[in-house]
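Asks: Mind having a look at this structure? Questions to follow.
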Amino acid sequence: MRISRYIPSMFQRRLLLLAGLGVLCTLPPMLQMTRLTVAKGEEQLAEARKRLINEQWLETTRGRILDRKGRVLALDEASSDITADYPVITGRWSYTQAARKARRLPGTKWGELSPDQRESLIQQFVPEFDAKLDAMWDKLCAIAGVSRTELDDRRQKVRAEVQALAATVTERARQKLEEQLRRGEELTEEVKTADVRRQIREQASAHVLLRNVPESVAFALRPLTDRSPDVATDPDAESAPMIGLHVVESTRRAYPLDAVEIDVDQSTFPLPLKNPRSQSVRVEGVATHVVGWMRSKLQAEDLARRPRLLADGSVDRGHYRPGDAVGLGGVEQAAEDRLRGLRGVRTLHRDTEQVERLEPSAGSDVRLTIDSFLQARIQALFDPSLGLAVVQPWHRTRAPDPIDPANPRPLDLPLATPLNGAVVVIDVASGDILALVSAPSFSHDRILADPGSVFNDSERRPFLNRAIDSAYPPGSIVKPLVLTAAVAANKVGIDERIRCTGHFFPDKPLLFRCWIYKQTKGAMTHESQFEEQGGGLDGADAIRVSCNIFFFELGKRLGTRGIHDWYSRYGVGSDAAPWNLYQLDPFPPRGAAETDEQYKARRAVEVASRSLIHEYPGVLPDPDRSNIQEAILMGIGQGPISWTPLHAADAYATIARRGVRLTPRLIRDAPQSRADLGVPARAIDKALEGLRASASLEHGTTYEASYDMPDGQKKRERIFGIQADPNITVWAKSGTADANPFEAVLDEAGQPVTYDADHAWCVFLVGEKHQPRYAVAVVIEHGGSGGRVAGPIGNQVVHALLAEGYLTASPQPPGPTP
Amino acid sequence: MIPRPIQHLIGTRFNFANAAWLCVLSALALSIIGLYAIDLGASDRPPAPDTLITFRGTVLRQAVFMAIGLLAAGLVALPHSRFIRLLAWPLLAVVIALLVFLILPFVPASIVTPRNGARAWINLGPIDFQPAELAKIAYILCLADYLRLRENHRTVLGLIPPAVISAVPVGLIMLQPDLGTAMLFAPVAFAVLVAAGARLKHLALVVLIAILAAPAAFPLLKPHQKARIVGLVRMMHDPRQGADDINYQSQTAQRLAAAGGVSGMTDTQSRTLIRFNRLPERHNDMILAVIINRFGLVGGLVVAALYVVWFTGCYLSAAMCKDGFGRLVIIGIAAVTAAQALVNAGMTLGVLPIIGVTLPFISYGGSSMLAAWIMTGLVVGIALRRDQRFARETFEFDEQPYSPGRVSTAHRGAVGGLKGG
């Protein structure tokens, strides 16, 4: 069929062809128009309407952290910062002002001047404005009381930061454009930096020059500064006395008890340290580990943990925005969601100019069970100037071995080395943690001023909360627990006597020895101390003198399963609720589709993210893979077992509650679980009898210590001298736990040396008359003898409890120690 | 009685009942819609409740341009097309001189002020004049005059002179650089050559070569032009790509257009949305988005229909006209206007990269408005004149020439034995 038959004119046919092509070309825009309006209309209308609304966040206040008596440990405090516009900081302001003045100069026709002429005219006026700026900086220094060098350094720093940022932004934009152009086609020309350079926001905005200035300074500056943020471009800027300077109100996390002075009474100190005068000690960072601190840098995890949008698509008013501070470590991190408030929203409807306000809701306060003053008193005991927590001559458990140059044996720590340690005080009745001390501690100021000394000191590791997150072998302090376990499991009669043979296996005199046998090189066993009782030791005797043979025997009788069962009842190795302390959610259980590896990996990530608020669950071997030798060793708290000072105090509190375990708590309203371990009352009585005797009878391991006096003599003294007060009773147990040798640089030589020293434990109950009221665990890392190193510190903890009113002394003053 | 010289100038045989009036009617309607749309986008706050349009600022200026445009249309419609034809080549010479003037580096910025990097405007005090708009008209007239009696453009070599006539203004405009306007010359040349009877296979070959050569021309583009093309490609992959930088304008235009939905929204709603969505060039290149936002899909279709009416007027006028010059001028004018409207709609709606091309009659701008109305006037002027008696049909290159006189008898009889092309 020929179209020419119907349209004979060629021109008309061509016309029709053109019209047809035209119609064809209208199709894409037509279809797109229909698609947009019909299919996307509503969605895009909503999107377009969003532009009518301007929302501004209203900042909220973070909740406070209070101690058990309502003392404020952390709060948001109003603070004033001095900021300055970037052009003023750099001095560029002078040039722009000079240029403006030059342009307005009467008698010159600016339009007719060449660029060079203009420039020279501008340069004439620059010094004038420079001088103005200079005068302003001097004035600021005078008012704020900072030196000009300090201020200029700060200005230089701001400038360097902004320039670096601008360079990064420009380079990224350049690469992005280049990337875009390169895609698909060979790029013929390189994109030049000048093509993409733009002013970044920081180059126009104000920057902080002086942070948190005193209120008097802010008050003096406020009337002199212009509040308008774009003052540098304001034509009347010259009239403002302080050019481009602003006083900005903000909030700052403050820690009022960050540093306190404590008067330490040295009259009750061990003999060589005794001093009738009291000494003032400055405690830096009271309970910093517990309270935690803030970091100002947001991390991807924060945004993931609390995303901007909730599941239902609404915006979470507590989401993280740049510039937000996040709690790090301790309660600040653990109770982040509770402390962090919800922002308010100021909504401006731009079309109607109506303003709606949703007021911010402040974060909740968190009340701790800690008594900050008791905590401070105990922290003060670790001050090296007092001598309690530094290596002393009488600390050593054995004479130093001669060093064989070919095969040097590990050394004792050098004298006067400061010792690390931890103290936990638990209120028996409530399970409240009254003090959770980890030494060394650090102040919040130090985190800001010198974070390296906190987080990069791998020798002393100040950031580590040793009270809850450091593993120590328990040593002899578990002996009362093992006794109650063996009695409850019917493995030992309540009055059964077991002979101290010096070494546990008759045919192996070098293995599984009693400590006294080992120290006296086989000359003595505990039998000699109990000859009048007709041979052998009962449970109380064994605790009093800390007989290893007795508890080896109990470990053997309990067997791998029995000892595992009882240790876990006392909480060792338990991760049933490891976060309970901080009221954290437990780990979400393993998903049905999750493999072992995936679950472990997820858990590892979670643990890492909680590292600074981590509570160490302790180690307990799997009974199916354990052998009887390990069970025997675990009878005296050695072998493959470790726990934390919190575990120790908790276990002793359980004994004091006569076998009832109450989960310890750090936050006042934390839920607790109560469990009766099913320990027979007579076993508890026997254990308490042994603990009482240990602290108050001859041969008790926490009864007396012998000290090297400065005059070279050795003198003996009661460890718990406080018991001279008839009202105060102490049930104590020392422990000298074998620790692995470790390398450290402790002297000036700078060479790492291998040291070997035991961990010193002293765990005790203290109360009035016959009622134990507080469980206290003291551990001194690599301190040596439990009785001689940790014991005196324990004694001072009791004094601190007295001083803070937790115990009442008898009316008549305690007499001199016998 | 009309004096002889004037009679000579305007001709004596008129055809008042012609289709070109359709063009005038639709152009008037489009111009008025344009005035309202400019007002929609220009107002900083909603007008008094009972006023539809406020004549101030850009709206007032556009209304004045429209009046001038109408006047100019009348003026160009007055003389017979043979006088217009005489003016074609001198006009092109003037236009080329102006285009050269624009790109002379030493011309002070007070006379030629670069806008968006292009030296396209001459500052004439109260208004700016864009010679490229005039160049389109001059070019169409010259091309039509060149081809009106010729036959050699049916050979490959014969296509070279029209190509040369095209290349001069296109090249000069590309140097400004104003790629959008320069590209509009291609459809004009194509349409005029098709109408003038050039062989379709030659033209198809040229189009094919152009399509194949286009990617090779990509590296020659300026970075911002490349970025726009890349931006469009990225947007097609993911509509949210580049919403804050390169595609901001396009995204905003599409958002506003889509927000209009099927039936649009009230005057106040539309003003508010447009104001706070900050659509760039909303009175100018992006005005279609404003119209669709206000009147929805229906509004868009009405505008399209008005353009269809305009083209129908052109189509019928061209079909009725026998004079070669008249035919080609109308085709050229229709082609350039169609191309401009389609490219503008395409870039506003996000199917073409953004190149500064205005929407005829609607977009704000004196030169654009004036040019559109002058072209309408030319169409009217040509349609107004009756052909000379016994005028020969032009551009009939069929092997058996078509003659209206033979349709009824001879043609019917000859069909059997002939294989007409």
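Residue names in the structure tokens use chain letters A, B, ... in the order shown, residue numbers from 1 in each chain, and ligand numbers from 1 in the order shown.
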Using only C-alpha atoms, which protein or nucleic acid residues come within 8 Å of region 291-293 of chain A? Drop anything in the same chain fewer than 3 positions from it, and give the result as a list in words.
Replies: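 The filter keeps Ile65, Leu73, Ala74, Ala287, Thr288, Gly327, Leu328, Gly329, Gly330, Val331, Glu332, Gln333 and His444 of chain A.
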Asks: For the selection just defined, write its residues with C-alpha atoms to a file, as an mmCIF file, in the first residue's frame.
Replies:
```cif
data_model
loop_
_atom_site.group_PDB
_atom_site.id
_atom_site.type_symbol
_atom_site.label_atom_id
_atom_site.label_comp_id
_atom_site.auth_asym_id
_atom_site.auth_seq_id
_atom_site.Cartn_x
_atom_site.Cartn_y
_atom_site.Cartn_z
ATOM 1 C CA ILE A 65 24.100 10.989 89.534
ATOM 2 C CA LEU A 73 28.376 13.138 91.965
ATOM 3 C CA ALA A 74 27.591 14.370 88.454
ATOM 4 C CA ALA A 287 34.439 6.976 92.458
ATOM 5 C CA THR A 288 35.402 7.950 88.898
ATOM 6 C CA GLY A 327 28.439 8.632 78.730
ATOM 7 C CA LEU A 328 31.594 6.563 78.826
ATOM 8 C CA GLY A 329 32.439 4.146 81.588
ATOM 9 C CA GLY A 330 30.586 3.504 84.796
ATOM 10 C CA VAL A 331 27.057 4.661 85.412
ATOM 11 C CA GLU A 332 27.338 7.446 82.837
ATOM 12 C CA GLN A 333 27.611 4.790 80.168
ATOM 13 C CA HIS A 444 37.696 13.805 85.468
#
```
Asks: For the structure I just gave you, how does DSSP split region 117-327 of chain B - specifically, which residues are alpha helix (DSSP H)? Reply as a PyMOL selection string.
Replies: chain B and resi 131-147+160-174+179-183+185-195+200-217+223-237+248-259+267-277+287-320+324-327
Asks: Using only C-alpha atoms and a cut-off of 8 Å, which residues of chain A sit close to chain B? Please list them as a ChimeraX atom specification.
Replies: /A:4,8-12,14-15,18,22,25-26,28-29,32-34,36-38,40-49,51-52,177,180-181,185-188,350-351
Asks: Can I get the selected residues back with C-alpha atoms, as a PDB file, in the first residue's frame?
Replies:
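To be explicit, this is the file written out as again36.pdb:
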```
ATOM      1  CA  SER A   4       1.013   8.426  -2.022  1.00  0.00           C
ATOM      2  CA  PRO A   8      -0.729  12.455  -3.483  1.00  0.00           C
ATOM      3  CA  SER A   9       1.179  15.611  -2.526  1.00  0.00           C
ATOM      4  CA  MET A  10       4.693  14.875  -1.374  1.00  0.00           C
ATOM      5  CA  PHE A  11       4.783  18.083   0.668  1.00  0.00           C
ATOM      6  CA  GLN A  12       1.616  17.127   2.509  1.00  0.00           C
ATOM      7  CA  ARG A  14       6.243  15.272   4.552  1.00  0.00           C
ATOM      8  CA  LEU A  15       4.149  17.611   6.672  1.00  0.00           C
ATOM      9  CA  LEU A  18       6.885  15.921  10.704  1.00  0.00           C
ATOM     10  CA  GLY A  22       6.390  15.800  16.779  1.00  0.00           C
ATOM     11  CA  CYS A  25       8.510  13.461  20.807  1.00  0.00           C
ATOM     12  CA  THR A  26       5.730  14.619  23.124  1.00  0.00           C
ATOM     13  CA  PRO A  28       8.221  11.051  27.034  1.00  0.00           C
ATOM     14  CA  PRO A  29       7.368  14.366  28.724  1.00  0.00           C
ATOM     15  CA  GLN A  32       6.636  11.581  32.840  1.00  0.00           C
ATOM     16  CA  MET A  33       4.107  14.268  33.720  1.00  0.00           C
ATOM     17  CA  THR A  34       1.427  11.643  34.227  1.00  0.00           C
ATOM     18  CA  LEU A  36       4.788  12.304  38.504  1.00  0.00           C
ATOM     19  CA  THR A  37       1.356  13.716  39.160  1.00  0.00           C
ATOM     20  CA  VAL A  38      -0.627  10.488  39.344  1.00  0.00           C
ATOM     21  CA  LYS A  40       3.998  10.148  42.894  1.00  0.00           C
ATOM     22  CA  GLY A  41       1.642  13.023  43.620  1.00  0.00           C
ATOM     23  CA  GLU A  42       0.816  12.320  47.234  1.00  0.00           C
ATOM     24  CA  GLU A  43       4.302  11.271  48.232  1.00  0.00           C
ATOM     25  CA  GLN A  44       5.859  14.344  46.673  1.00  0.00           C
ATOM     26  CA  LEU A  45       3.176  16.623  48.074  1.00  0.00           C
ATOM     27  CA  ALA A  46       4.092  15.417  51.545  1.00  0.00           C
ATOM     28  CA  GLU A  47       7.749  15.947  50.717  1.00  0.00           C
ATOM     29  CA  ALA A  48       7.062  19.463  49.451  1.00  0.00           C
ATOM     30  CA  ARG A  49       4.991  20.247  52.541  1.00  0.00           C
ATOM     31  CA  ARG A  51       9.693  22.320  53.412  1.00  0.00           C
ATOM     32  CA  LEU A  52       7.058  24.489  55.041  1.00  0.00           C
ATOM     33  CA  LEU A 177      33.068  15.714  40.700  1.00  0.00           C
ATOM     34  CA  GLN A 180      31.140  11.759  38.341  1.00  0.00           C
ATOM     35  CA  LEU A 181      32.659  13.037  35.148  1.00  0.00           C
ATOM     36  CA  GLU A 185      33.823   8.554  29.702  1.00  0.00           C
ATOM     37  CA  GLU A 186      37.492   9.324  29.692  1.00  0.00           C
ATOM     38  CA  LEU A 187      38.063  12.556  31.497  1.00  0.00           C
ATOM     39  CA  THR A 188      39.895  14.973  29.264  1.00  0.00           C
ATOM     40  CA  ARG A 350       6.901  29.026  57.817  1.00  0.00           C
ATOM     41  CA  ASP A 351       3.744  29.770  55.888  1.00  0.00           C
TER      42      ASP A 351
END
```
Asks: If we count only C-alpha atoms and set the cut-off at 7 Å, which residues sit around Leu209 (chain A), ignoring sequence neighbours fewer than 3 positions away in its own chain? Please answer as a ChimeraX atom specification.
Replies: /A:82-84,154-155
Asks: For Arg561 (chain A), work out the shell of residues within 9 Å, counting only C-alpha atoms and skipping chain neighbours fewer than 6 positions away, then give it as an MDAnalysis selection string.
Replies: chainID A and resid 622:624 626 631
Asks: List the spatial neighbours of region 499-501 of chain A as JSON, numbers by chain - criterion: any atom at most 12 Å away, only C-alpha atoms, same-chain residues fewer than 5 positions off excluded.
Replies: {"A": [506, 507, 508, 509, 512, 513, 514, 515, 516, 517, 518, 522, 523, 524, 525, 526, 527, 528, 529, 530, 531, 533, 534, 535, 536, 537, 538, 539, 541, 542, 545, 546, 547, 548, 549, 550, 551, 552, 553]}
Asks: Just C-alpha atoms for this one: save the residues we selected as a CSV table (one decimal), in the first residue's frame.
Replies:
```
chain,number,residue,atom,x,y,z
A,506,PRO,CA,52.1,-39.0,101.9
A,507,ASP,CA,54.5,-40.0,99.2
A,508,LYS,CA,55.0,-36.5,97.6
A,509,PRO,CA,56.5,-34.2,100.2
A,512,PHE,CA,50.3,-29.9,97.8
A,513,ARG,CA,51.9,-28.6,101.0
A,514,CYS,CA,50.5,-26.7,103.8
A,515,TRP,CA,51.8,-23.1,103.8
A,516,ILE,CA,53.4,-23.4,107.2
A,517,TYR,CA,55.2,-26.6,106.2
A,518,LYS,CA,56.5,-24.8,103.1
A,522,GLY,CA,59.2,-28.9,106.5
A,523,ALA,CA,59.9,-28.1,110.1
A,524,MET,CA,56.3,-27.3,111.2
A,525,THR,CA,52.8,-28.3,110.6
A,526,HIS,CA,49.6,-27.0,112.2
A,527,GLU,CA,49.5,-30.1,114.5
A,528,SER,CA,51.9,-28.5,116.9
A,529,GLN,CA,49.5,-25.5,117.4
A,530,PHE,CA,46.6,-27.8,118.3
A,531,GLU,CA,48.4,-30.5,120.4
A,533,GLN,CA,42.9,-30.7,121.3
A,534,GLY,CA,44.1,-34.2,120.8
A,535,GLY,CA,45.4,-33.9,117.2
A,536,GLY,CA,43.8,-32.7,114.0
A,537,LEU,CA,41.9,-29.5,113.2
A,538,ASP,CA,38.2,-29.0,113.0
A,539,GLY,CA,36.7,-26.5,110.4
A,541,ASP,CA,40.6,-24.3,113.5
A,542,ALA,CA,41.5,-24.8,109.9
A,545,VAL,CA,45.2,-21.0,110.9
A,546,SER,CA,44.3,-21.3,107.2
A,547,CYS,CA,45.4,-25.0,107.1
A,548,ASN,CA,45.8,-26.1,103.5
A,549,ILE,CA,45.7,-29.9,104.2
A,550,PHE,CA,42.3,-29.6,105.7
A,551,PHE,CA,40.9,-27.9,102.7
A,552,PHE,CA,42.8,-30.1,100.2
A,553,GLU,CA,40.9,-32.9,101.8
```
Asks: I need the strand (DSSP E) residues of region 9-204 of chain A per DSSP on the backbone, written as a list in words.
Replies: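 Listing strand (DSSP E) positions across region 9-204 of chain A yields Ile53, Asn54, Glu55, Gln56, Trp57, Leu58, Ile65, Leu66, Val72, Leu73, Ala74, Leu75, Asp76, Glu77, Ala78, Ser79, Ser80, Asp81, Ile82, Thr83, Ala84 and Asp85 of chain A.
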Asks: Keeping only N, CA, C and O atoms, write those residues as a PDB file, in the first residue's frame.
Replies:
```
ATOM      1  N   ILE A  53       7.952  23.489  57.025  1.00  0.00           N
ATOM      2  CA  ILE A  53       8.130  23.404  58.473  1.00  0.00           C
ATOM      3  C   ILE A  53       9.600  23.493  58.805  1.00  0.00           C
ATOM      4  O   ILE A  53      10.431  22.873  58.167  1.00  0.00           O
ATOM      5  N   ASN A  54       9.896  24.301  59.788  1.00  0.00           N
ATOM      6  CA  ASN A  54      11.275  24.395  60.255  1.00  0.00           C
ATOM      7  C   ASN A  54      11.298  23.932  61.707  1.00  0.00           C
ATOM      8  O   ASN A  54      10.651  24.529  62.558  1.00  0.00           O
ATOM      9  N   GLU A  55      12.014  22.846  61.945  1.00  0.00           N
ATOM     10  CA  GLU A  55      12.052  22.324  63.304  1.00  0.00           C
ATOM     11  C   GLU A  55      13.413  22.598  63.925  1.00  0.00           C
ATOM     12  O   GLU A  55      14.430  22.385  63.286  1.00  0.00           O
ATOM     13  N   GLN A  56      13.367  23.061  65.142  1.00  0.00           N
ATOM     14  CA  GLN A  56      14.619  23.271  65.865  1.00  0.00           C
ATOM     15  C   GLN A  56      14.570  22.449  67.137  1.00  0.00           C
ATOM     16  O   GLN A  56      13.544  22.407  67.813  1.00  0.00           O
ATOM     17  N   TRP A  57      15.686  21.834  67.429  1.00  0.00           N
ATOM     18  CA  TRP A  57      15.731  21.059  68.660  1.00  0.00           C
ATOM     19  C   TRP A  57      15.998  21.979  69.833  1.00  0.00           C
ATOM     20  O   TRP A  57      16.776  22.923  69.736  1.00  0.00           O
ATOM     21  N   LEU A  58      15.349  21.684  70.950  1.00  0.00           N
ATOM     22  CA  LEU A  58      15.630  22.400  72.183  1.00  0.00           C
ATOM     23  C   LEU A  58      16.390  21.433  73.075  1.00  0.00           C
ATOM     24  O   LEU A  58      15.919  20.329  73.333  1.00  0.00           O
ATOM     25  N   ILE A  65      23.745  12.234  88.850  1.00  0.00           N
ATOM     26  CA  ILE A  65      24.100  10.989  89.534  1.00  0.00           C
ATOM     27  C   ILE A  65      24.338  11.352  90.994  1.00  0.00           C
ATOM     28  O   ILE A  65      25.127  12.251  91.299  1.00  0.00           O
ATOM     29  N   LEU A  66      23.600  10.691  91.882  1.00  0.00           N
ATOM     30  CA  LEU A  66      23.672  11.016  93.303  1.00  0.00           C
ATOM     31  C   LEU A  66      24.195   9.816  94.067  1.00  0.00           C
ATOM     32  O   LEU A  66      24.013   8.671  93.632  1.00  0.00           O
ATOM     33  N   VAL A  72      25.629  15.063  95.256  1.00  0.00           N
ATOM     34  CA  VAL A  72      25.659  15.053  93.793  1.00  0.00           C
ATOM     35  C   VAL A  72      27.049  14.632  93.320  1.00  0.00           C
ATOM     36  O   VAL A  72      28.053  15.246  93.677  1.00  0.00           O
ATOM     37  N   LEU A  73      27.099  13.588  92.529  1.00  0.00           N
ATOM     38  CA  LEU A  73      28.376  13.138  91.965  1.00  0.00           C
ATOM     39  C   LEU A  73      28.576  13.660  90.551  1.00  0.00           C
ATOM     40  O   LEU A  73      29.699  13.843  90.106  1.00  0.00           O
ATOM     41  N   ALA A  74      27.479  13.865  89.828  1.00  0.00           N
ATOM     42  CA  ALA A  74      27.591  14.370  88.454  1.00  0.00           C
ATOM     43  C   ALA A  74      26.330  15.152  88.139  1.00  0.00           C
ATOM     44  O   ALA A  74      25.231  14.745  88.508  1.00  0.00           O
ATOM     45  N   LEU A  75      26.511  16.281  87.458  1.00  0.00           N
ATOM     46  CA  LEU A  75      25.337  17.053  87.051  1.00  0.00           C
ATOM     47  C   LEU A  75      25.696  17.920  85.852  1.00  0.00           C
ATOM     48  O   LEU A  75      26.868  18.164  85.579  1.00  0.00           O
ATOM     49  N   ASP A  76      24.643  18.369  85.169  1.00  0.00           N
ATOM     50  CA  ASP A  76      24.839  19.323  84.078  1.00  0.00           C
ATOM     51  C   ASP A  76      24.846  20.721  84.671  1.00  0.00           C
ATOM     52  O   ASP A  76      23.935  21.091  85.396  1.00  0.00           O
ATOM     53  N   GLU A  77      25.870  21.462  84.358  1.00  0.00           N
ATOM     54  CA  GLU A  77      26.026  22.776  84.945  1.00  0.00           C
ATOM     55  C   GLU A  77      26.030  23.802  83.820  1.00  0.00           C
ATOM     56  O   GLU A  77      26.600  23.561  82.769  1.00  0.00           O
ATOM     57  N   ALA A  78      25.386  24.926  84.083  1.00  0.00           N
ATOM     58  CA  ALA A  78      25.435  25.995  83.095  1.00  0.00           C
ATOM     59  C   ALA A  78      26.872  26.479  82.988  1.00  0.00           C
ATOM     60  O   ALA A  78      27.577  26.582  83.981  1.00  0.00           O
ATOM     61  N   SER A  79      27.315  26.725  81.762  1.00  0.00           N
ATOM     62  CA  SER A  79      28.666  27.248  81.623  1.00  0.00           C
ATOM     63  C   SER A  79      28.667  28.264  80.505  1.00  0.00           C
ATOM     64  O   SER A  79      27.788  28.269  79.642  1.00  0.00           O
ATOM     65  N   SER A  80      29.609  29.157  80.528  1.00  0.00           N
ATOM     66  CA  SER A  80      29.684  30.182  79.490  1.00  0.00           C
ATOM     67  C   SER A  80      30.974  29.993  78.708  1.00  0.00           C
ATOM     68  O   SER A  80      32.039  29.837  79.293  1.00  0.00           O
ATOM     69  N   ASP A  81      30.831  29.992  77.391  1.00  0.00           N
ATOM     70  CA  ASP A  81      32.005  29.912  76.529  1.00  0.00           C
ATOM     71  C   ASP A  81      32.136  31.243  75.798  1.00  0.00           C
ATOM     72  O   ASP A  81      31.145  31.894  75.502  1.00  0.00           O
ATOM     73  N   ILE A  82      33.362  31.623  75.504  1.00  0.00           N
ATOM     74  CA  ILE A  82      33.584  32.814  74.687  1.00  0.00           C
ATOM     75  C   ILE A  82      33.910  32.337  73.272  1.00  0.00           C
ATOM     76  O   ILE A  82      34.858  31.574  73.080  1.00  0.00           O
ATOM     77  N   THR A  83      33.105  32.772  72.307  1.00  0.00           N
ATOM     78  CA  THR A  83      33.374  32.386  70.927  1.00  0.00           C
ATOM     79  C   THR A  83      33.667  33.635  70.117  1.00  0.00           C
ATOM     80  O   THR A  83      33.321  34.743  70.521  1.00  0.00           O
ATOM     81  N   ALA A  84      34.319  33.416  68.974  1.00  0.00           N
ATOM     82  CA  ALA A  84      34.602  34.539  68.079  1.00  0.00           C
ATOM     83  C   ALA A  84      34.363  34.089  66.650  1.00  0.00           C
ATOM     84  O   ALA A  84      34.548  32.916  66.317  1.00  0.00           O
ATOM     85  N   ASP A  85      33.929  35.030  65.825  1.00  0.00           N
ATOM     86  CA  ASP A  85      33.693  34.719  64.414  1.00  0.00           C
ATOM     87  C   ASP A  85      35.014  34.389  63.742  1.00  0.00           C
ATOM     88  O   ASP A  85      36.051  34.983  64.045  1.00  0.00           O
TER      89      ASP A  85
END
```
Asks: Considering only C-alpha atoms, return as a list in words whatever protein or nucleic-acid residues lie within 6 Å of region 651-663 of chain A, sequence-local ones (same chain, fewer than 6 positions apart) excluded.
Replies: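 The contact residues come out as Val428, Gly431, Tyr570, Gln672, Ser673, Arg674, Ala675, Asp676, Leu677, Val679 and Ala775 of chain A.
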